[in-house]
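Asks: First the structure, then my questions, so here it is.
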Amino acid sequence: MANDTDEHTTGEKDARAQAAPAEPAAWVRPPARFGAGARRETRVRDDLLAQVLAGKALLLFDGAMGTQLQERGMAAGELPELLCLTDPALVTDVHAAYVRAGADVVTTNTFGASRQKLAGRAGVDEVFRAAVACARAARPRYVAADIGPTGSLLEPLGTLPFERAYDLFAEEALAAEAAGADLVVIETMTDLAEAKAALLACREMCDLPVFCTMTFGEDGRTFLGTTPEVAAATLSALGADVIGINCSLGPAEVAPLVERMLPWSRVPVMAQANAGLPAVVDGVTTYGVGVEEYAQAVAGMLDAGVTVVGGCCGTTPAYVAAERALLDARTPRPRDVRHDFVVASSQELCALREGDVGVIGERINPTGKRRMKEALRSGNLDYVMGLAIEQAEAGAQILDVNAGLPEIDERATMARLVDDLSGVTSLPLEIDSAVPETIEAAVRRYAGKPLVNSTNGRRDTMASVIPIAAHYGCALVGLTIDEEGIPRTAEGRLAIARRIVGEAERWGIPREDVAIDCLAMAASTDQEAPRAILDGIRLVKRELPGVRTVLGVSNISFGLPFRPLLNATFLAAAFSAGLDLAIMNPMQQRMMDVVNSWRVLSGEDGSAQSYVAAYADRTDAPKPPAQAPGAGAPGEKDAGPRGGDAPAAGGDASGVGGAAPAGELERRAYDLVLSGRKGPLPEVVRELLASHDAMYCVNEVLIPALDEVGERFERGRFFLPQLMASAEAAKAGFDEIREHQAGAGAGVASKGRIALATVKGDIHDIGKNIVRMLLENYGYDVIDLGRDVDPQDFCDAVVRDHVPLAGLSALMTATVPAMAETIALLREQAPWCKVMVGGAVLNPEYAKMVGADFYAKDANESARIAEQVLG
């Protein structure tokens, strides 16, 4: 089953959930102290911490609180945070052991102290006060208030709204500050959107330094597809004081991942690895990496430029003592931080070195586009999703997103577009709006580092937009227009650019995050304009080193015939002048030809490898004789968006990578599942059902499409958001089939029953819920017992329904014994039932140790196991 972090299960069949303590009355969020436009001064306790935050001193955190509490007798399934209230001496004893070992920082026992996880058993303020007191009693130099994940998957993939997650974290941040913590550490984050919500809450609600770490799998990504590079670029731009990695992996596996972070982080980098992977020996959880091996790996990380270290699961005071010896003999190593232009989605980093050129797809903009306007007005955004997919396949690296129609709710539409686009493409987004409130609503929830389009030289615009971009860690487009309009001269454009860059720097936005638009004007009305634009680009590049340039290229040809030719010629001239980013239609092959050619001539395309791959079979042979009008003569004017040339590099429009079924309707349904576009699928399935039976649609169309999605996921071409979007699309098709069968008095045969649960003591069930969704879409009848499920209760359900396959999930090491107990009961009472297990703390060896038949590293693997067991 998938790596797990927790989500409230909708429709849980576990009756015990109804008897759980009621959540206290809703917490009321106070006004943010440091929102966009407010100056935040970080409160730093002493000079050493200030040196650490500047990257000029080393810092040592403690090790694993949870495993130390287990060694001291904490019962399986017990909520560790409540020990701060019921047995404070025990918690202080753990802290004191790490202080004696040499830790500078001890981390409070508050990993799961959110209102959602405490569930009414104690107040957040109460737990943080007690936890900080326990830590302070051990007399460390610094106390770090620990904030862990909510346990819920955020919208649109999950059910937890971004602002609800923010509220949970804000309450913890305020409690930490009030309790007297010296800093906050946000840790074990697997969802970049959740990390962003936590970081914003801490930065907006308190003035303590904020450290933020994420956890990655063996494939070098979080379970949602985020890479170390994306996390480093996003979180450091967003204002974290230190970023890094903790948990999940041993030090040898963490080392190369944290080294990938180092060039992309503007702030110090930290690492807290596990003591290897867990194993159960004689009923006791042990870890495979010893103190000496751990210290050797940490030494390598320090040599690479990491400046803050410590330990996670399995690291005892002995590990920290070994790290203390390392730090005492070292000073911080310098590291090379890249100064590329960087934007990022949650899965993909777009980084342009000086001299590289990039393509921003311009098609998601209603200006002059009738079908786009209709889609935005009607709220039917599938057409927009199609534009995104086509532009990505044609070679765009960033997608411009504009919802600026006066007759619609632009803010709400933009928010929906950002969510939906993140499910069908991994490209970073450019948020394009003239309304600051719309910009802020979009960039606040965007899981990544977006580009804001745009500000300009008007004082009121700079005052409203630049603080938003700075606060949310965005890159910024600046238009060379001010209260006097667009200057006719290059020097006038440079003067405005200089003001914009100066104001951005005043707000902390570095030059490499600013792209100046010298504004392409129509050559048809002013033939002096192209020269002024090109000269303006040259001046900006020369006089404002580090600043990038961007241009909406197609404006130059407005009002003239055969526009693609003029656009392409101007684009080549603009690249020569120093243009970095072209806002253009990547579906026009002539334009992409210029981009690909320039990358060879500039040296960006090393050894012309990409050019050769795209153009080896292209020729410039004479075109066949013209045909009669309407006969489909090839040519730039009437051959569609690619202008009659060969398909753009990057694939065909369908994006189909596997063997699609024969037949036009079948291929359409297959492609829609692959691209995660659920809107049109029911209609296509309805048309299929007019000539085929239900099982043909299931077995010959929808299931093969899901199989291809799974293959792409396995190969690293798709990530969890794409997997879930495709599963949702397939569900829309299955729902149509079920409705059709119900109307005909029939049903869709189940492929078999599967029981799922998160084990006793563990409330983290994101992975389990994803598995459920995928298995249901493959046609299995899933019995979801929920989370924190007693072993006997689970076994009773399996016996009652004679379930042939069971799935168990766990995130926390402390709950794995409950997994082993559940499997042992199943062997006694339901010997026919096969068991698959998964979760962040598991691996194939551990799965074998707890007695499982299968280890499912992700949801896709769960579907394969189900097919193997149930057919």
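We label chains A, B, ... in the order they appear in the structure tokens, count residues from 1 in each chain, and number ligands from 1 in the order shown.
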DSSP on the backbone, helix (DSSP H, G or I) only: what residues of stretch 29-126 of chain A does that give? Format it as a PDB file with C-alpha atoms, in the first residue's frame.
Replies:
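Ended up saving to result01.pdb:
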ATOM      1  CA  ASP A  47      24.549  35.257  18.411  1.00  0.00           C
ATOM      2  CA  LEU A  48      25.227  31.548  17.830  1.00  0.00           C
ATOM      3  CA  LEU A  49      21.751  31.020  16.409  1.00  0.00           C
ATOM      4  CA  ALA A  50      22.180  34.133  14.273  1.00  0.00           C
ATOM      5  CA  GLN A  51      25.428  32.666  12.930  1.00  0.00           C
ATOM      6  CA  VAL A  52      23.662  29.364  12.233  1.00  0.00           C
ATOM      7  CA  LEU A  53      20.907  31.101  10.274  1.00  0.00           C
ATOM      8  CA  MET A  65      11.962  10.929  20.746  1.00  0.00           C
ATOM      9  CA  GLY A  66       9.516   8.205  19.718  1.00  0.00           C
ATOM     10  CA  THR A  67      11.891   5.258  19.784  1.00  0.00           C
ATOM     11  CA  GLN A  68      13.421   6.470  23.050  1.00  0.00           C
ATOM     12  CA  LEU A  69       9.973   6.586  24.650  1.00  0.00           C
ATOM     13  CA  GLN A  70       9.313   3.064  23.405  1.00  0.00           C
ATOM     14  CA  GLU A  71      12.532   1.859  25.007  1.00  0.00           C
ATOM     15  CA  PRO A  80       3.233  10.147  22.869  1.00  0.00           C
ATOM     16  CA  GLU A  81       2.326  13.841  23.186  1.00  0.00           C
ATOM     17  CA  LEU A  82       0.062  13.174  26.170  1.00  0.00           C
ATOM     18  CA  LEU A  83       3.068  11.939  28.154  1.00  0.00           C
ATOM     19  CA  CYS A  84       4.088  15.586  28.481  1.00  0.00           C
ATOM     20  CA  LEU A  85       1.054  15.897  30.761  1.00  0.00           C
ATOM     21  CA  THR A  86       0.872  12.472  32.364  1.00  0.00           C
ATOM     22  CA  PRO A  88       6.667  14.771  32.241  1.00  0.00           C
ATOM     23  CA  ALA A  89       9.675  13.273  34.010  1.00  0.00           C
ATOM     24  CA  LEU A  90       9.877  10.524  31.398  1.00  0.00           C
ATOM     25  CA  VAL A  91       9.893  13.054  28.550  1.00  0.00           C
ATOM     26  CA  THR A  92      12.457  15.258  30.300  1.00  0.00           C
ATOM     27  CA  ASP A  93      14.654  12.212  30.836  1.00  0.00           C
ATOM     28  CA  VAL A  94      14.791  11.656  27.059  1.00  0.00           C
ATOM     29  CA  HIS A  95      15.667  15.299  26.447  1.00  0.00           C
ATOM     30  CA  ALA A  96      18.329  15.261  29.126  1.00  0.00           C
ATOM     31  CA  ALA A  97      20.007  12.212  27.609  1.00  0.00           C
ATOM     32  CA  TYR A  98      20.436  14.075  24.336  1.00  0.00           C
ATOM     33  CA  VAL A  99      21.683  17.205  26.096  1.00  0.00           C
ATOM     34  CA  ARG A 100      24.316  15.121  27.882  1.00  0.00           C
ATOM     35  CA  ALA A 101      25.300  13.696  24.505  1.00  0.00           C
ATOM     36  CA  ARG A 115      -6.092  19.917  17.291  1.00  0.00           C
ATOM     37  CA  GLN A 116      -7.012  17.279  14.697  1.00  0.00           C
ATOM     38  CA  LYS A 117      -4.723  14.593  16.121  1.00  0.00           C
ATOM     39  CA  LEU A 118      -5.364  15.357  19.779  1.00  0.00           C
ATOM     40  CA  VAL A 124      -3.047  22.386  21.906  1.00  0.00           C
ATOM     41  CA  ASP A 125      -1.892  25.205  24.187  1.00  0.00           C
ATOM     42  CA  GLU A 126      -1.840  22.843  27.153  1.00  0.00           C
TER      43      GLU A 126
END
Asks: Tell me, as number ranges by chain, which residues lie within 7 Å of stretch 231-244 of chain A, counting only C-alpha atoms; anything in the same chain fewer than 2 positions away does not count.
Replies: A: 53, 199, 209-214, 226-229, 246, 258, 261, 264-271, 448-449, 471-473
Asks: Distance atom CA of A:Ser597-atom CA of A:Glu354, one decimal place?
Replies: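 The value is 17.6 Å.
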Asks: Can you tell me which residues surround A:Val501 at a distance of at most 12 Å, considering only C-alpha atoms, apart from same-chain residues fewer than 5 positions away, and format the answer as a PyMOL selection string?
Replies: chain A and resi 455-457+462+466+475-480+494-496+506-517+540+543-549
Asks: Show me, as a ChimeraX atom specification, the residues that have an atom within 10 Å of A:Tyr319 when counting only C-alpha atoms, minus same-chain residues fewer than 6 positions from it.
Replies: /A:62-63,98,101,275,290-295,310-311
Asks: Taking into account only C-alpha atoms, which residue in the set A:Pro334, A:Asp356, A:Ala403, A:Ala523 is nearest to A:Val600?
Replies: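 Residue with the minimum atom-to-atom distance to A:Val600: A:Asp356.
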Asks: I need the residue nearest A:Val384 from this list: A:Ala38, A:Leu160, A:Val798, A:Val424. Use only C-alpha atoms for the distance.
Replies: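 Ranked by minimum distance to A:Val384, first place goes to A:Val424.
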Asks: Can you tell me how far atom CA of A:Ile583 sits from atom CA of A:Ala351, in Å to one decimal?
Replies: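 Distance between the two atoms: 16.1 Å.
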